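What follows is a single structure, written as structure tokens, with notes after it.
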Amino acid sequence: MEIYVCNNIDCKNRGSERVLRALQEEFSRPEDREIQIHKYLCFSACNSGPNVIIPDKRCWLSAVSEDDAAAIRAVLDGAAPPDKMLEKNEPGLQAMILGLIDAGLLTPEED
């Protein structure tokens, strides 16, 4: 399973690098080796960031903070995403992001 964290300047200014580190820490156990966490350049949802995408769950999480790592684990385990991480999702952007997922067009940013 993969998790993508927006890494563009707007999301970085809102804490996406802290989100990335928190997710890397959350999923650092040996049993989490199937979870891959990637940087992604931009989801075009800058006003909603930091943004996290979970393609296998067809899920866009917005306004994510480093304190949300455990909630993201719960989403991977089948829980519904918390409302606070969905309320900034604009329908048009959500359709575009889900289209990227469905088309298999998400590719990680190279380090």
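How things are named: the first chain in the structure tokens is A, the next is B, and so on; residues count from 1 in each chain; ligands count from 1 in the order shown.
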Determine, counting only C-alpha atoms, which protein, DNA and RNA residues have an atom within 9 Å of an atom of A:Glu109; residues of the same chain fewer than 3 positions away are not included. Present the result as a PDB file with all heavy atoms, in the first residue's frame.
ATOM      1  N   ASN A   7       4.336  17.680  -1.574  1.00  0.00           N
ATOM      2  CA  ASN A   7       5.626  18.251  -1.203  1.00  0.00           C
ATOM      3  C   ASN A   7       5.862  19.602  -1.877  1.00  0.00           C
ATOM      4  O   ASN A   7       6.992  20.049  -1.966  1.00  0.00           O
ATOM      5  CB  ASN A   7       6.731  17.251  -1.581  1.00  0.00           C
ATOM      6  CG  ASN A   7       8.038  17.551  -0.920  1.00  0.00           C
ATOM      7  OD1 ASN A   7       8.079  17.893   0.251  1.00  0.00           O
ATOM      8  ND2 ASN A   7       9.117  17.426  -1.669  1.00  0.00           N
ATOM      9  N   HIS A  38       5.537   8.147   0.056  1.00  0.00           N
ATOM     10  CA  HIS A  38       6.213   8.896  -1.000  1.00  0.00           C
ATOM     11  C   HIS A  38       5.907  10.387  -0.899  1.00  0.00           C
ATOM     12  O   HIS A  38       4.816  10.777  -0.504  1.00  0.00           O
ATOM     13  CB  HIS A  38       5.724   8.453  -2.390  1.00  0.00           C
ATOM     14  CG  HIS A  38       5.818   7.001  -2.652  1.00  0.00           C
ATOM     15  ND1 HIS A  38       7.010   6.351  -2.869  1.00  0.00           N
ATOM     16  CD2 HIS A  38       4.853   6.054  -2.750  1.00  0.00           C
ATOM     17  CE1 HIS A  38       6.774   5.075  -3.101  1.00  0.00           C
ATOM     18  NE2 HIS A  38       5.475   4.869  -3.032  1.00  0.00           N
ATOM     19  N   LYS A  39       6.852  11.178  -1.359  1.00  0.00           N
ATOM     20  CA  LYS A  39       6.596  12.594  -1.621  1.00  0.00           C
ATOM     21  C   LYS A  39       5.945  12.682  -2.996  1.00  0.00           C
ATOM     22  O   LYS A  39       6.237  11.880  -3.880  1.00  0.00           O
ATOM     23  CB  LYS A  39       7.897  13.388  -1.669  1.00  0.00           C
ATOM     24  CG  LYS A  39       8.641  13.474  -0.378  1.00  0.00           C
ATOM     25  CD  LYS A  39       9.930  14.251  -0.604  1.00  0.00           C
ATOM     26  CE  LYS A  39      10.827  14.216   0.586  1.00  0.00           C
ATOM     27  NZ  LYS A  39      12.106  14.901   0.314  1.00  0.00           N
ATOM     28  N   TYR A  40       5.068  13.668  -3.167  1.00  0.00           N
ATOM     29  CA  TYR A  40       4.447  13.925  -4.455  1.00  0.00           C
ATOM     30  C   TYR A  40       4.520  15.424  -4.693  1.00  0.00           C
ATOM     31  O   TYR A  40       4.270  16.208  -3.770  1.00  0.00           O
ATOM     32  CB  TYR A  40       2.997  13.442  -4.463  1.00  0.00           C
ATOM     33  CG  TYR A  40       2.381  13.404  -5.836  1.00  0.00           C
ATOM     34  CD1 TYR A  40       2.659  12.353  -6.698  1.00  0.00           C
ATOM     35  CD2 TYR A  40       1.551  14.415  -6.269  1.00  0.00           C
ATOM     36  CE1 TYR A  40       2.099  12.307  -7.964  1.00  0.00           C
ATOM     37  CE2 TYR A  40       0.990  14.387  -7.536  1.00  0.00           C
ATOM     38  CZ  TYR A  40       1.270  13.331  -8.377  1.00  0.00           C
ATOM     39  OH  TYR A  40       0.731  13.291  -9.635  1.00  0.00           O
ATOM     40  N   LEU A  41       4.861  15.814  -5.901  1.00  0.00           N
ATOM     41  CA  LEU A  41       5.111  17.232  -6.163  1.00  0.00           C
ATOM     42  C   LEU A  41       3.908  18.114  -5.851  1.00  0.00           C
ATOM     43  O   LEU A  41       4.021  19.087  -5.118  1.00  0.00           O
ATOM     44  CB  LEU A  41       5.579  17.458  -7.600  1.00  0.00           C
ATOM     45  CG  LEU A  41       5.883  18.906  -7.944  1.00  0.00           C
ATOM     46  CD1 LEU A  41       6.950  19.473  -7.023  1.00  0.00           C
ATOM     47  CD2 LEU A  41       6.308  19.019  -9.390  1.00  0.00           C
TER      48      LEU A  41
END
Fewer than 5 positions away in the same chain doesn't count, so skip those; otherwise give me all residues within 9 Å of A:Glu66, counting only C-alpha atoms, as a PDB file with C-alpha atoms, in the first residue's frame.
ATOM      1  CA  GLY A  15       3.789  21.375   7.527  1.00  0.00           C
ATOM      2  CA  SER A  16       3.872  18.594   4.937  1.00  0.00           C
ATOM      3  CA  GLU A  17       7.487  17.737   5.778  1.00  0.00           C
ATOM      4  CA  ARG A  18       6.448  17.171   9.409  1.00  0.00           C
ATOM      5  CA  VAL A  19       3.525  15.053   8.173  1.00  0.00           C
ATOM      6  CA  LEU A  20       5.914  13.002   6.034  1.00  0.00           C
ATOM      7  CA  ARG A  21       8.264  12.400   8.985  1.00  0.00           C
ATOM      8  CA  ALA A  22       5.358  11.508  11.286  1.00  0.00           C
ATOM      9  CA  LEU A  23       4.054   8.968   8.761  1.00  0.00           C
TER      10      LEU A  23
END
### Task
Would you kindly return, as a PyMOL selection string, each protein, DNA or RNA residue with an atom no farther than 10 Å from any atom of stretch 72-79 of chain A, considering only C-alpha atoms and excluding same-chain residues fewer than 5 positions away?
chain A and resi 1-3+23+26-27+35+52+54+56-57+59+61+64+67+85
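Running DSSP on the backbone and keeping only strand (DSSP E), the residues of stretch 11-55 of chain A that qualify are Gln36, Ile37, His38, Lys39, Tyr40, Val52, Ile53 and Ile54 of chain A.
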What would the file look like if the residues just selected were written as a CSV table (one decimal), in the first residue's frame with all heavy atoms?
chain,number,residue,atom,x,y,z
A,36,GLN,N,4.4,2.0,1.8
A,36,GLN,CA,5.4,2.9,1.2
A,36,GLN,C,4.9,4.3,1.2
A,36,GLN,O,3.8,4.6,0.8
A,36,GLN,CB,5.7,2.5,-0.3
A,36,GLN,CG,6.3,1.1,-0.4
A,36,GLN,CD,6.5,0.7,-1.8
A,36,GLN,OE1,6.3,1.5,-2.8
A,36,GLN,NE2,6.7,-0.6,-2.1
A,37,ILE,N,5.7,5.2,1.7
A,37,ILE,CA,5.4,6.6,1.9
A,37,ILE,C,6.2,7.4,0.9
A,37,ILE,O,7.4,7.3,0.9
A,37,ILE,CB,5.6,7.1,3.3
A,37,ILE,CG1,4.7,6.2,4.2
A,37,ILE,CG2,5.2,8.5,3.5
A,37,ILE,CD1,5.1,6.2,5.7
A,38,HIS,N,5.5,8.1,0.1
A,38,HIS,CA,6.2,8.9,-1.0
A,38,HIS,C,5.9,10.4,-0.9
A,38,HIS,O,4.8,10.8,-0.5
A,38,HIS,CB,5.7,8.5,-2.4
A,38,HIS,CG,5.8,7.0,-2.7
A,38,HIS,ND1,7.0,6.4,-2.9
A,38,HIS,CD2,4.9,6.1,-2.8
A,38,HIS,CE1,6.8,5.1,-3.1
A,38,HIS,NE2,5.5,4.9,-3.0
A,39,LYS,N,6.9,11.2,-1.4
A,39,LYS,CA,6.6,12.6,-1.6
A,39,LYS,C,5.9,12.7,-3.0
A,39,LYS,O,6.2,11.9,-3.9
A,39,LYS,CB,7.9,13.4,-1.7
A,39,LYS,CG,8.6,13.5,-0.4
A,39,LYS,CD,9.9,14.3,-0.6
A,39,LYS,CE,10.8,14.2,0.6
A,39,LYS,NZ,12.1,14.9,0.3
A,40,TYR,N,5.1,13.7,-3.2
A,40,TYR,CA,4.4,13.9,-4.5
A,40,TYR,C,4.5,15.4,-4.7
A,40,TYR,O,4.3,16.2,-3.8
A,40,TYR,CB,3.0,13.4,-4.5
A,40,TYR,CG,2.4,13.4,-5.8
A,40,TYR,CD1,2.7,12.4,-6.7
A,40,TYR,CD2,1.6,14.4,-6.3
A,40,TYR,CE1,2.1,12.3,-8.0
A,40,TYR,CE2,1.0,14.4,-7.5
A,40,TYR,CZ,1.3,13.3,-8.4
A,40,TYR,OH,0.7,13.3,-9.6
A,52,VAL,N,-2.7,14.4,1.7
A,52,VAL,CA,-2.2,13.1,1.7
A,52,VAL,C,-3.2,12.3,0.8
A,52,VAL,O,-4.4,12.4,1.0
A,52,VAL,CB,-2.1,12.5,3.1
A,52,VAL,CG1,-1.9,11.0,3.1
A,52,VAL,CG2,-1.1,13.3,3.9
A,53,ILE,N,-2.7,11.4,0.0
A,53,ILE,CA,-3.5,10.6,-0.9
A,53,ILE,C,-3.1,9.1,-0.6
A,53,ILE,O,-2.0,8.7,-0.5
A,53,ILE,CB,-3.2,10.8,-2.4
A,53,ILE,CG1,-3.4,12.3,-2.7
A,53,ILE,CG2,-4.0,9.9,-3.3
A,53,ILE,CD1,-4.7,12.8,-2.6
A,54,ILE,N,-4.2,8.3,-0.5
A,54,ILE,CA,-4.0,6.8,-0.3
A,54,ILE,C,-4.7,6.2,-1.5
A,54,ILE,O,-6.0,6.0,-1.4
A,54,ILE,CB,-4.6,6.4,1.1
A,54,ILE,CG1,-4.1,7.2,2.2
A,54,ILE,CG2,-4.4,4.9,1.3
A,54,ILE,CD1,-4.8,7.0,3.6
Measuring between only C-alpha atoms, which one of A:Glu34, A:Tyr4, A:Ala63, A:Lys84 shows the shortest distance to A:Ile101?
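Going through A:Glu34, A:Tyr4, A:Ala63, A:Lys84 one by one, the smallest distance to A:Ile101 is for A:Tyr4.
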Nearest residue to A:Lys12 from the set A:Arg33, A:Ser28, A:Pro81, A:Cys46 (distances using only C-alpha atoms):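 Among the listed residues, the smallest separation from A:Lys12 belongs to A:Cys46.
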**OP:** Determine the nearest neighbour of A:Arg58 from the options A:Leu100, A:Val5, A:Cys11, A:Leu105, counting only C-alpha atoms.
**Re:**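 Ranking A:Leu100, A:Val5, A:Cys11, A:Leu105 by distance to A:Arg58, first place goes to A:Leu100.
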### Message
Give me the residues near A:Ala95 as a list in words, where near means some atom within 12 Å (using only C-alpha atoms) and where sequence neighbours in that chain fewer than 4 positions away do not count.
### Response
Phe43, Ser44, Ala45, Arg58, Cys59, Trp60, Asn89, Glu90, Pro91, Gly99, Leu100, Ile101, Asp102 and Ala103 of chain A
Check the DSSP output for the backbone and give back, as a ChimeraX atom specification, the residues of chain A in alpha helix (DSSP H). /A:9-13,16-26,69-76,91-103
Take the residues from that selection and put them in a file with N, CA and C atoms, as an mmCIF file, in the first residue's frame.
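New file again-v9.cif:
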data_model
loop_
_atom_site.group_PDB
_atom_site.id
_atom_site.type_symbol
_atom_site.label_atom_id
_atom_site.label_comp_id
_atom_site.auth_asym_id
_atom_site.auth_seq_id
_atom_site.Cartn_x
_atom_site.Cartn_y
_atom_site.Cartn_z
ATOM 1 N N ILE A 9 5.484 23.802 -2.329
ATOM 2 C CA ILE A 9 5.829 24.867 -1.391
ATOM 3 C C ILE A 9 4.672 25.239 -0.464
ATOM 4 N N ASP A 10 3.439 25.312 -0.977
ATOM 5 C CA ASP A 10 2.306 25.660 -0.119
ATOM 6 C C ASP A 10 2.102 24.614 0.974
ATOM 7 N N CYS A 11 2.134 23.352 0.587
ATOM 8 C CA CYS A 11 1.958 22.297 1.586
ATOM 9 C C CYS A 11 3.157 22.239 2.537
ATOM 10 N N LYS A 12 4.354 22.482 2.015
ATOM 11 C CA LYS A 12 5.523 22.528 2.898
ATOM 12 C C LYS A 12 5.370 23.630 3.932
ATOM 13 N N ASN A 13 4.889 24.794 3.505
ATOM 14 C CA ASN A 13 4.688 25.899 4.430
ATOM 15 C C ASN A 13 3.643 25.575 5.488
ATOM 16 N N SER A 16 3.860 19.922 5.566
ATOM 17 C CA SER A 16 3.872 18.594 4.937
ATOM 18 C C SER A 16 5.143 17.798 5.243
ATOM 19 N N GLU A 17 6.268 18.488 5.442
ATOM 20 C CA GLU A 17 7.487 17.737 5.778
ATOM 21 C C GLU A 17 7.355 17.093 7.156
ATOM 22 N N ARG A 18 6.706 17.767 8.092
ATOM 23 C CA ARG A 18 6.448 17.171 9.409
ATOM 24 C C ARG A 18 5.470 15.999 9.284
ATOM 25 N N VAL A 19 4.475 16.141 8.415
ATOM 26 C CA VAL A 19 3.525 15.053 8.173
ATOM 27 C C VAL A 19 4.275 13.846 7.613
ATOM 28 N N LEU A 20 5.137 14.084 6.640
ATOM 29 C CA LEU A 20 5.914 13.002 6.034
ATOM 30 C C LEU A 20 6.740 12.268 7.090
ATOM 31 N N ARG A 21 7.439 13.023 7.927
ATOM 32 C CA ARG A 21 8.264 12.400 8.985
ATOM 33 C C ARG A 21 7.395 11.630 9.977
ATOM 34 N N ALA A 22 6.250 12.188 10.344
ATOM 35 C CA ALA A 22 5.358 11.508 11.286
ATOM 36 C C ALA A 22 4.837 10.195 10.696
ATOM 37 N N LEU A 23 4.515 10.204 9.411
ATOM 38 C CA LEU A 23 4.054 8.968 8.761
ATOM 39 C C LEU A 23 5.190 7.952 8.658
ATOM 40 N N GLN A 24 6.381 8.409 8.329
ATOM 41 C CA GLN A 24 7.521 7.490 8.269
ATOM 42 C C GLN A 24 7.762 6.847 9.626
ATOM 43 N N GLU A 25 7.607 7.623 10.682
ATOM 44 C CA GLU A 25 7.761 7.077 12.039
ATOM 45 C C GLU A 25 6.625 6.116 12.365
ATOM 46 N N GLU A 26 5.398 6.507 12.055
ATOM 47 C CA GLU A 26 4.223 5.675 12.348
ATOM 48 C C GLU A 26 4.316 4.309 11.673
ATOM 49 N N ALA A 69 -1.076 10.978 12.138
ATOM 50 C CA ALA A 69 -0.477 9.728 11.645
ATOM 51 C C ALA A 69 -1.266 8.499 12.113
ATOM 52 N N ALA A 70 -1.667 8.460 13.369
ATOM 53 C CA ALA A 70 -2.420 7.308 13.881
ATOM 54 C C ALA A 70 -3.793 7.211 13.202
ATOM 55 N N ALA A 71 -4.417 8.353 12.920
ATOM 56 C CA ALA A 71 -5.705 8.343 12.229
ATOM 57 C C ALA A 71 -5.542 7.821 10.805
ATOM 58 N N ILE A 72 -4.422 8.141 10.169
ATOM 59 C CA ILE A 72 -4.165 7.625 8.818
ATOM 60 C C ILE A 72 -3.943 6.118 8.877
ATOM 61 N N ARG A 73 -3.258 5.636 9.903
ATOM 62 C CA ARG A 73 -3.128 4.181 10.089
ATOM 63 C C ARG A 73 -4.516 3.546 10.192
ATOM 64 N N ALA A 74 -5.402 4.175 10.943
ATOM 65 C CA ALA A 74 -6.749 3.640 11.097
ATOM 66 C C ALA A 74 -7.485 3.591 9.759
ATOM 67 N N VAL A 75 -7.282 4.607 8.919
ATOM 68 C CA VAL A 75 -7.894 4.601 7.582
ATOM 69 C C VAL A 75 -7.355 3.411 6.773
ATOM 70 N N LEU A 76 -6.069 3.164 6.851
ATOM 71 C CA LEU A 76 -5.504 2.018 6.141
ATOM 72 C C LEU A 76 -6.093 0.707 6.652
ATOM 73 N N PRO A 91 -15.181 19.426 -4.311
ATOM 74 C CA PRO A 91 -15.647 18.348 -5.186
ATOM 75 C C PRO A 91 -14.918 18.253 -6.529
ATOM 76 N N GLY A 92 -14.661 19.390 -7.181
ATOM 77 C CA GLY A 92 -13.963 19.352 -8.467
ATOM 78 C C GLY A 92 -12.545 18.829 -8.344
ATOM 79 N N LEU A 93 -11.840 19.284 -7.316
ATOM 80 C CA LEU A 93 -10.480 18.789 -7.081
ATOM 81 C C LEU A 93 -10.494 17.322 -6.693
ATOM 82 N N GLN A 94 -11.488 16.933 -5.903
ATOM 83 C CA GLN A 94 -11.574 15.525 -5.520
ATOM 84 C C GLN A 94 -11.774 14.647 -6.751
ATOM 85 N N ALA A 95 -12.611 15.079 -7.670
ATOM 86 C CA ALA A 95 -12.822 14.318 -8.906
ATOM 87 C C ALA A 95 -11.521 14.204 -9.693
ATOM 88 N N MET A 96 -10.739 15.301 -9.752
ATOM 89 C CA MET A 96 -9.468 15.265 -10.467
ATOM 90 C C MET A 96 -8.483 14.310 -9.781
ATOM 91 N N ILE A 97 -8.390 14.395 -8.455
ATOM 92 C CA ILE A 97 -7.459 13.542 -7.724
ATOM 93 C C ILE A 97 -7.864 12.075 -7.841
ATOM 94 N N LEU A 98 -9.142 11.784 -7.713
ATOM 95 C CA LEU A 98 -9.591 10.404 -7.887
ATOM 96 C C LEU A 98 -9.343 9.928 -9.315
ATOM 97 N N GLY A 99 -9.452 10.839 -10.286
ATOM 98 C CA GLY A 99 -9.120 10.495 -11.670
ATOM 99 C C GLY A 99 -7.656 10.123 -11.826
ATOM 100 N N LEU A 100 -6.758 10.850 -11.143
ATOM 101 C CA LEU A 100 -5.337 10.495 -11.157
ATOM 102 C C LEU A 100 -5.117 9.103 -10.583
ATOM 103 N N ILE A 101 -5.799 8.820 -9.483
ATOM 104 C CA ILE A 101 -5.685 7.500 -8.858
ATOM 105 C C ILE A 101 -6.189 6.433 -9.815
ATOM 106 N N ASP A 102 -7.388 6.631 -10.347
ATOM 107 C CA ASP A 102 -8.010 5.628 -11.211
ATOM 108 C C ASP A 102 -7.203 5.372 -12.474
ATOM 109 N N ALA A 103 -6.541 6.416 -12.973
ATOM 110 C CA ALA A 103 -5.743 6.268 -14.200
ATOM 111 C C ALA A 103 -4.350 5.717 -13.915
#
How many Å separate atom CA of A:Arg14 from atom CA of A:Ser62?
->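 One can read the atom CA of A:Arg14 to atom CA of A:Ser62 distance as 11.1 Å.
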